[in-house]
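Asker: Next comes model33.pdb, PDB, C-alpha atoms, pLDDT in the B column:
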```pdb
MODEL        1
ATOM      1  CA  MET A   6       0.000   0.000   0.000  1.00 41.00           C
ATOM      2  CA  ALA A   7       1.454   3.374  -1.054  1.00 43.00           C
ATOM      3  CA  GLN A   8       1.959   6.021   1.601  1.00 44.00           C
ATOM      4  CA  ALA A   9       0.749   9.568   0.937  1.00 42.00           C
ATOM      5  CA  ARG A  10       3.522  12.147   0.640  1.00 42.00           C
ATOM      6  CA  ALA A  11       3.525  15.176   2.913  1.00 44.00           C
ATOM      7  CA  GLY A  12       1.373  17.942   1.448  1.00 42.00           C
ATOM      8  CA  ASP A  13      -0.741  15.594  -0.690  1.00 42.00           C
ATOM      9  CA  SER A  14      -4.481  15.768  -0.238  1.00 41.00           C
ATOM     10  CA  LEU A  15      -6.760  12.759  -0.555  1.00 41.00           C
ATOM     11  CA  GLY A  16      -6.996  13.305  -4.295  1.00 42.00           C
ATOM     12  CA  GLY A  17      -3.225  13.360  -4.650  1.00 38.00           C
ATOM     13  CA  VAL A  18      -3.166  17.070  -5.513  1.00 40.00           C
ATOM     14  CA  SER A  19      -0.792  19.170  -3.462  1.00 36.00           C
ATOM     15  CA  ASP A  20      -2.279  22.338  -1.996  1.00 48.00           C
ATOM     16  CA  ALA A  21      -0.558  25.113  -0.051  1.00 53.00           C
ATOM     17  CA  HIS A  22      -3.670  25.626   2.082  1.00 66.00           C
ATOM     18  CA  ASP A  23      -5.685  22.974   3.894  1.00 85.00           C
ATOM     19  CA  ASP A  24      -9.173  24.412   3.445  1.00 90.00           C
ATOM     20  CA  GLY A  25     -11.016  21.169   4.104  1.00 92.00           C
ATOM     21  CA  PRO A  26     -13.555  19.534   1.819  1.00 94.00           C
ATOM     22  CA  ALA A  27     -15.605  21.508  -0.697  1.00 95.00           C
ATOM     23  CA  ILE A  28     -19.048  22.512   0.581  1.00 95.00           C
ATOM     24  CA  SER A  29     -22.221  24.112  -0.749  1.00 93.00           C
ATOM     25  CA  TYR A  30     -22.760  27.858  -0.384  1.00 93.00           C
ATOM     26  CA  LEU A  31     -25.737  26.911   1.810  1.00 92.00           C
ATOM     27  CA  ALA A  32     -23.342  25.386   4.374  1.00 94.00           C
ATOM     28  CA  LEU A  33     -20.926  28.340   4.342  1.00 95.00           C
ATOM     29  CA  ARG A  34     -20.595  29.772   7.837  1.00 96.00           C
ATOM     30  CA  ARG A  35     -20.118  33.330   9.017  1.00 95.00           C
ATOM     31  CA  GLY A  36     -16.485  33.925   9.957  1.00 96.00           C
ATOM     32  CA  THR A  37     -15.004  31.605   7.322  1.00 97.00           C
ATOM     33  CA  ARG A  38     -11.732  32.974   5.879  1.00 97.00           C
ATOM     34  CA  VAL A  39     -11.858  34.507   2.390  1.00 97.00           C
ATOM     35  CA  ARG A  40      -8.685  34.424   0.287  1.00 97.00           C
ATOM     36  CA  GLY A  41      -7.964  36.193  -2.999  1.00 96.00           C
ATOM     37  CA  SER A  42      -6.561  34.422  -6.064  1.00 95.00           C
ATOM     38  CA  ASP A  43      -3.119  35.688  -4.990  1.00 95.00           C
ATOM     39  CA  GLY A  44      -3.383  33.756  -1.699  1.00 94.00           C
ATOM     40  CA  VAL A  45      -3.737  36.905   0.436  1.00 95.00           C
ATOM     41  CA  GLU A  46      -6.497  36.810   3.035  1.00 96.00           C
ATOM     42  CA  VAL A  47      -9.225  39.353   2.223  1.00 96.00           C
ATOM     43  CA  GLY A  48     -11.333  38.967   5.352  1.00 96.00           C
ATOM     44  CA  ARG A  49     -14.107  36.797   6.762  1.00 97.00           C
ATOM     45  CA  VAL A  50     -17.554  35.837   5.472  1.00 96.00           C
ATOM     46  CA  ARG A  51     -20.220  38.130   6.895  1.00 94.00           C
ATOM     47  CA  ARG A  52     -23.199  36.644   5.038  1.00 92.00           C
ATOM     48  CA  VAL A  53     -24.171  34.701   1.940  1.00 93.00           C
ATOM     49  CA  GLN A  54     -26.382  36.432  -0.613  1.00 89.00           C
ATOM     50  CA  ASN A  55     -28.760  34.137  -2.455  1.00 88.00           C
ATOM     51  CA  ASN A  56     -32.063  34.145  -4.245  1.00 82.00           C
ATOM     52  CA  GLU A  57     -33.957  31.752  -1.983  1.00 80.00           C
ATOM     53  CA  ARG A  58     -36.957  31.432  -4.280  1.00 82.00           C
ATOM     54  CA  GLU A  59     -34.876  30.267  -7.239  1.00 84.00           C
ATOM     55  CA  HIS A  60     -32.041  28.649  -5.213  1.00 86.00           C
ATOM     56  CA  ILE A  61     -29.349  30.732  -6.902  1.00 90.00           C
ATOM     57  CA  PHE A  62     -26.059  31.742  -5.253  1.00 92.00           C
ATOM     58  CA  ASP A  63     -25.617  35.512  -5.688  1.00 90.00           C
ATOM     59  CA  GLY A  64     -22.333  36.075  -3.813  1.00 92.00           C
ATOM     60  CA  ILE A  65     -20.942  36.796  -0.370  1.00 94.00           C
ATOM     61  CA  VAL A  66     -20.472  39.847   1.813  1.00 93.00           C
ATOM     62  CA  VAL A  67     -16.969  39.872   3.281  1.00 95.00           C
ATOM     63  CA  GLU A  68     -15.944  41.708   6.446  1.00 94.00           C
ATOM     64  CA  THR A  69     -12.529  43.256   5.657  1.00 94.00           C
ATOM     65  CA  LYS A  70     -10.210  45.624   7.490  1.00 93.00           C
ATOM     66  CA  ARG A  71     -11.600  48.374   5.185  1.00 92.00           C
ATOM     67  CA  GLY A  72     -15.245  47.509   5.886  1.00 91.00           C
ATOM     68  CA  ARG A  73     -17.733  45.208   4.203  1.00 91.00           C
ATOM     69  CA  ARG A  74     -17.327  44.274   0.543  1.00 93.00           C
ATOM     70  CA  PHE A  75     -19.594  42.304  -1.791  1.00 92.00           C
ATOM     71  CA  VAL A  76     -18.040  39.523  -3.874  1.00 94.00           C
ATOM     72  CA  ASP A  77     -20.232  38.456  -6.807  1.00 93.00           C
ATOM     73  CA  ALA A  78     -20.814  34.716  -7.366  1.00 94.00           C
ATOM     74  CA  PRO A  79     -18.675  34.469 -10.561  1.00 95.00           C
ATOM     75  CA  GLU A  80     -15.718  35.799  -8.540  1.00 96.00           C
ATOM     76  CA  VAL A  81     -15.969  32.894  -6.068  1.00 96.00           C
ATOM     77  CA  ALA A  82     -13.705  30.110  -7.328  1.00 96.00           C
ATOM     78  CA  HIS A  83     -14.026  27.553  -4.516  1.00 96.00           C
ATOM     79  CA  ILE A  84     -15.982  27.202  -1.273  1.00 96.00           C
ATOM     80  CA  ALA A  85     -14.471  24.860   1.307  1.00 96.00           C
ATOM     81  CA  GLU A  86     -15.146  24.109   4.946  1.00 95.00           C
ATOM     82  CA  ARG A  87     -12.444  26.441   6.289  1.00 96.00           C
ATOM     83  CA  ALA A  88     -11.911  28.985   3.490  1.00 97.00           C
ATOM     84  CA  VAL A  89     -13.344  30.575   0.362  1.00 97.00           C
ATOM     85  CA  THR A  90     -11.005  31.163  -2.585  1.00 96.00           C
ATOM     86  CA  LEU A  91     -11.763  33.916  -5.086  1.00 96.00           C
ATOM     87  CA  THR A  92     -10.908  34.351  -8.773  1.00 96.00           C
ATOM     88  CA  VAL A  93      -9.776  37.945  -8.134  1.00 96.00           C
ATOM     89  CA  ALA A  94      -6.842  39.333  -6.138  1.00 96.00           C
ATOM     90  CA  ALA A  95      -7.369  40.503  -2.564  1.00 95.00           C
ATOM     91  CA  GLU A  96      -6.524  44.123  -3.421  1.00 94.00           C
ATOM     92  CA  GLN A  97      -9.249  44.204  -6.092  1.00 94.00           C
ATOM     93  CA  VAL A  98     -11.853  43.222  -3.481  1.00 93.00           C
ATOM     94  CA  LEU A  99     -10.543  45.747  -0.959  1.00 91.00           C
ATOM     95  CA  GLU A 100     -10.716  48.563  -3.549  1.00 90.00           C
ATOM     96  CA  SER A 101     -14.344  47.790  -4.475  1.00 87.00           C
ATOM     97  CA  GLU A 102     -17.321  49.763  -3.191  1.00 82.00           C
ATOM     98  CA  PRO A 103     -19.093  48.676   0.018  1.00 81.00           C
ATOM     99  CA  PRO A 104     -22.399  46.846  -0.545  1.00 77.00           C
ATOM    100  CA  ARG A 105     -25.699  48.616  -0.076  1.00 70.00           C
ATOM    101  CA  SER A 106     -27.379  47.849   3.213  1.00 70.00           C
ATOM    102  CA  ARG A 107     -30.160  45.286   3.162  1.00 67.00           C
ATOM    103  CA  LEU A 108     -32.372  47.677   5.111  1.00 68.00           C
ATOM    104  CA  LEU A 109     -32.068  50.362   2.414  1.00 66.00           C
ATOM    105  CA  GLU A 110     -32.860  47.784  -0.267  1.00 70.00           C
ATOM    106  CA  ARG A 111     -36.001  46.735   1.630  1.00 69.00           C
ATOM    107  CA  ILE A 112     -37.085  50.347   2.105  1.00 71.00           C
ATOM    108  CA  ASP A 113     -36.618  51.036  -1.618  1.00 69.00           C
ATOM    109  CA  HIS A 114     -38.627  47.936  -2.469  1.00 67.00           C
ATOM    110  CA  MET A 115     -41.395  48.942  -0.046  1.00 72.00           C
ATOM    111  CA  THR A 116     -41.502  52.409  -1.620  1.00 74.00           C
ATOM    112  CA  ILE A 117     -41.857  50.917  -5.108  1.00 73.00           C
ATOM    113  CA  VAL A 118     -44.649  48.596  -3.935  1.00 70.00           C
ATOM    114  CA  ARG A 119     -46.490  51.458  -2.209  1.00 74.00           C
ATOM    115  CA  ARG A 120     -46.180  53.612  -5.318  1.00 73.00           C
ATOM    116  CA  ALA A 121     -47.541  50.801  -7.518  1.00 75.00           C
ATOM    117  CA  LYS A 122     -50.507  50.222  -5.177  1.00 74.00           C
ATOM    118  CA  ARG A 123     -51.246  53.953  -5.119  1.00 75.00           C
ATOM    119  CA  GLU A 124     -51.207  54.050  -8.932  1.00 76.00           C
ATOM    120  CA  LEU A 125     -53.629  51.132  -9.113  1.00 77.00           C
ATOM    121  CA  ARG A 126     -56.017  52.783  -6.622  1.00 78.00           C
ATOM    122  CA  ASN A 127     -55.993  56.043  -8.590  1.00 80.00           C
ATOM    123  CA  ARG A 128     -57.049  54.420 -11.875  1.00 75.00           C
TER     124      ARG A 128
ENDMDL
END
```
Represent the supplied structure as structure tokens.

Answerer:
Amino acid sequence: MAQARAGDSLGGVSDAHDDGPAISYLALRRGTRVRGSDGVEVGRVRRVQNNEREHIFDGIVVETKRGRRFVDAPEVAHIAERAVTLTVAAEQVLESEPPRSRLLERIDHMTIVRRAKRELRNR
């Protein structure tokens, strides 16, 4: 029986980081490390954004030393038990704009709904 070499994972592929097994975005926990494509740690997962009705992964909000940043789903290369790896460099995430607050999004949506109802009543 062959012995595994140091640094080899179960699949025989060497990896500089032991992130654990791949997991679904639904199992991703708050506080999980987020690493850029350059290997530099960006921050920690704050929350997962998804479209619950259609079961679509939208991205993650990352808590960084420069505040919260949104990482879109196509920029997420790999989700593992102990870390998320991105397709973009850490600096690119840190230079991006902070995400809009969920509360403001809800208020905007409520305003649109109220306006639509008012228009229907006035017809």

Asker: Can you tell me which residues surround Glu102 (chain A) at a distance of at most 9 Å, considering only C-alpha atoms, apart from same-chain residues fewer than 6 positions away, and format the answer as an NGL selection string?

Answerer: :A and (73-75)

Asker: Around (-20.7, 35.6, 7.9) in the file's own coordinates, what residues are found within 10 Å if you use all atoms listed in the file, given back as a PyMOL selection string?

Answerer: chain A and resi 33-38+49-53+65-68

Asker: Determine, counting only C-alpha atoms, which protein, DNA and RNA residues have an atom within 7 Å of an atom of region 87-100 of chain A; residues of the same chain fewer than 6 positions away are not included. Present the result as a list in words.

Answerer: Asp24, Gly25, Thr37, Arg38, Val39, Arg40, Gly41, Ser42, Asp43, Val45, Glu46, Val47, Arg71, Arg74, Glu80 and Val81 of chain A

Asker: So the first atom is CA of Ile84 (chain A) and the second is CA of His60 (chain A); what is the distance between them in Å, to one decimal place?

Answerer: 16.6 Å

Asker: Could you please determine the separation between CA of Asp63 (chain A) and CA of Pro79 (chain A) in Å, to one decimal place?

Answerer: 8.5 Å

Asker: Calculate how many Å separate CA of Tyr30 (chain A) from CA of Gly44 (chain A), rounding to one decimal.

Answerer: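 Atom-to-atom, CA of Tyr30 (chain A) to CA of Gly44 (chain A), that is 20.3 Å.
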
Asker: Identify which of the residues A:Thr69, A:Gly64, A:Gly48, A:Leu31 lies closest to Ala82 (chain A), counting all atoms listed in the file when measuring atom-to-atom distances.

Answerer: A:Gly64

Asker: Go through A:Arg123, A:Val76, A:Thr116, A:Ala85 one by one, measure the shortest atom-to-atom distance of each to Pro103 (chain A) using all atoms listed in the file, and give the residue with the smallest value.

Answerer: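 The closest residue to Pro103 (chain A) is A:Val76.
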
Asker: What lies within 10 Å of Ile61 (chain A) using all atoms listed in the file, ignoring chain neighbours under 6 positions off, as number ranges by chain?

Answerer: A: 30, 54-55, 78
